[in-house]
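First the structure, in the form of structure tokens, and then the observations on it.
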Amino acid sequence: AMSTSSALASSTPSSSVSSLTSRVLSFVGLEDNPYFSAGFALGVAGTGLAAARGAGRGALTLAQRHLLVTLEVTSKDKSYPWVLQWLTQQAAPPPASGGGGGLLSRLFGGGGGGGALRQHVSVETVVERLANGKVETRFEFLPCPGRHVLRYNGSLLMVERQREQQTVDFQTGQPWESVRLTALGRSPTLFSELLAEAQAHADSKRELTTTVFSNWGTEWRPFGQPRRRRPLASVVLDQGIAEHILNDVTEFVDSQEWYVSRGIPYRRGYLLHGPPGSGKSSFVAALAGHLGYDICVLNLAEPGLTDDRLSHALTHAPAGSLVLLEDVDSAFQKDRDPTDRRSSFATFSGLLNALDGVAAGEERLLFMTTN
């Protein structure tokens, strides 16, 4: 029995480290120095612990790379507001139910919502003017910066919203933000379903509204809140004009393959003329609502506007929108001062090149108005 216990004791890690230390010290002639022996033993033990910790980190990194899928959505991406709205929907309180549910159900939101997601939120105040002139204010709750956990389609999903206080967008002045989504698995199919659902949710909220975009620098930004769509029949024009334009636009929208197969640039423009107040811009707004399009408004007399910026703006108009250039006849003045920074530097030839030049964009629907 004693020989067995001795064999077991000699096989322990402490005995192995002590034996190794004694052999090394005996080899260098420092076996009789107790201080050096103790320090050397601690050094060997620390090295072993550091190696074990490094191996643990490596194993954790390897597991994260092969067992988790991650999606990062930045504030510059078009889907970023869709994801935030989707998270807002997940943070909405669920309908009251009779059962209390278990602990995991309360933590992760029961049937798919985000229970913990509703506890730590930031507020976004939305002010909307109704058709009767009244102003309606509502509060939408977004997950605050930090980590949150929710359950989506039977999978646990970790949501991490990050906000960089040191980095801001120089064009908007808003801090740089991103949302990182992490789930178990190796396929990004879950994220594809989530993004599709977020887009569908965003489209359903703007289904009966028209967003007006204005050009700021090199990008298009929403101008004010989305507006309620105006019925096309509410704009009174001469007999047959509205029907003719609507039929032509509808035929153009449905004929993309015909243009592409024949190598014809897929773009179309209309010039509406008439005295002020005859309904030109109102008809364009009603037509956009009827087609489900947004409107991009560009003022050719905008201070600092150049031919290059005009071409860039028309080429990079948001998808699913039509471009409106109002009062094009008053944009090009012969007596303007070329040194005055408050005047526009766009030229008539630059406008023609932006409309139908070599660098002109495609998949574009454009309207111009003139008196």
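Letters for chains follow the order of the structure tokens (A, B, ...), residue numbers begin at 1 for each chain, and ligand numbers begin at 1 in the order shown.
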* Write out as a list of chain:residue names each polymer residue whose atoms come within 7 Å of stretch 328-331 of chain A, counting only C-alpha atoms; drop sequence neighbours fewer than 4 positions from it. => A:Leu300, A:Ala301, A:Met368, A:Thr369, A:Thr370
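By only C-alpha atoms, and with residues fewer than 5 positions from A:Glu124 along its chain excluded, the set lying at most 7 Å from it is Phe139, Glu140 and Phe141 of chain A.
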* To do: Using DSSP on the backbone coordinates, identify the residues of stretch 106-351 of chain A assigned to strand (DSSP E or B); present them as a ChimeraX atom specification.
  => /A:121-129,135-143,146-152,155-168,175-184,209-210,212-216,219-222,227-228,267-273,294-298,321-325
* 7 Å contact set for A:Ser178, only C-alpha atoms, chain neighbours under 3 positions out, as a PyMOL selection string -> chain A and resi 72-75+161-163
* Asked: In terms of the shortest atom-to-atom distance over only C-alpha atoms, which of A:Ala354, A:Leu150, A:Ile245, A:Leu232 is closest to A:Leu310?
  ->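 Closest to A:Leu310 of all the choices is A:Ala354.
In this model, the gap between atom CA of A:Asp77 and atom CA of A:Leu291 comes to 25.3 Å.
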* Tell me which protein, DNA and RNA residues are within 8 Å of A:Gln199, counting only C-alpha atoms, leaving out same-chain ones fewer than 4 positions away, and put them as a ChimeraX atom specification. => /A:79,82-83,195,203
* Quick one: DSSP helix (DSSP H, G or I) residues in stretch 175-290 of chain A, as a VMD selection string? -> chain A and resid 189 to 205 232 to 234 241 to 253 256 to 261 280 to 290
* What separation in Å, quoted to one decimal, exists between atom CA of A:Asp307 and atom CA of A:Ala346? -> 4.9 Å
* Measure the distance from atom CA of A:Asp308 to atom CA of A:Ser344 in Å and round it to one decimal. =>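 Calculated distance between atom CA of A:Asp308 and atom CA of A:Ser344 is 12.2 Å.
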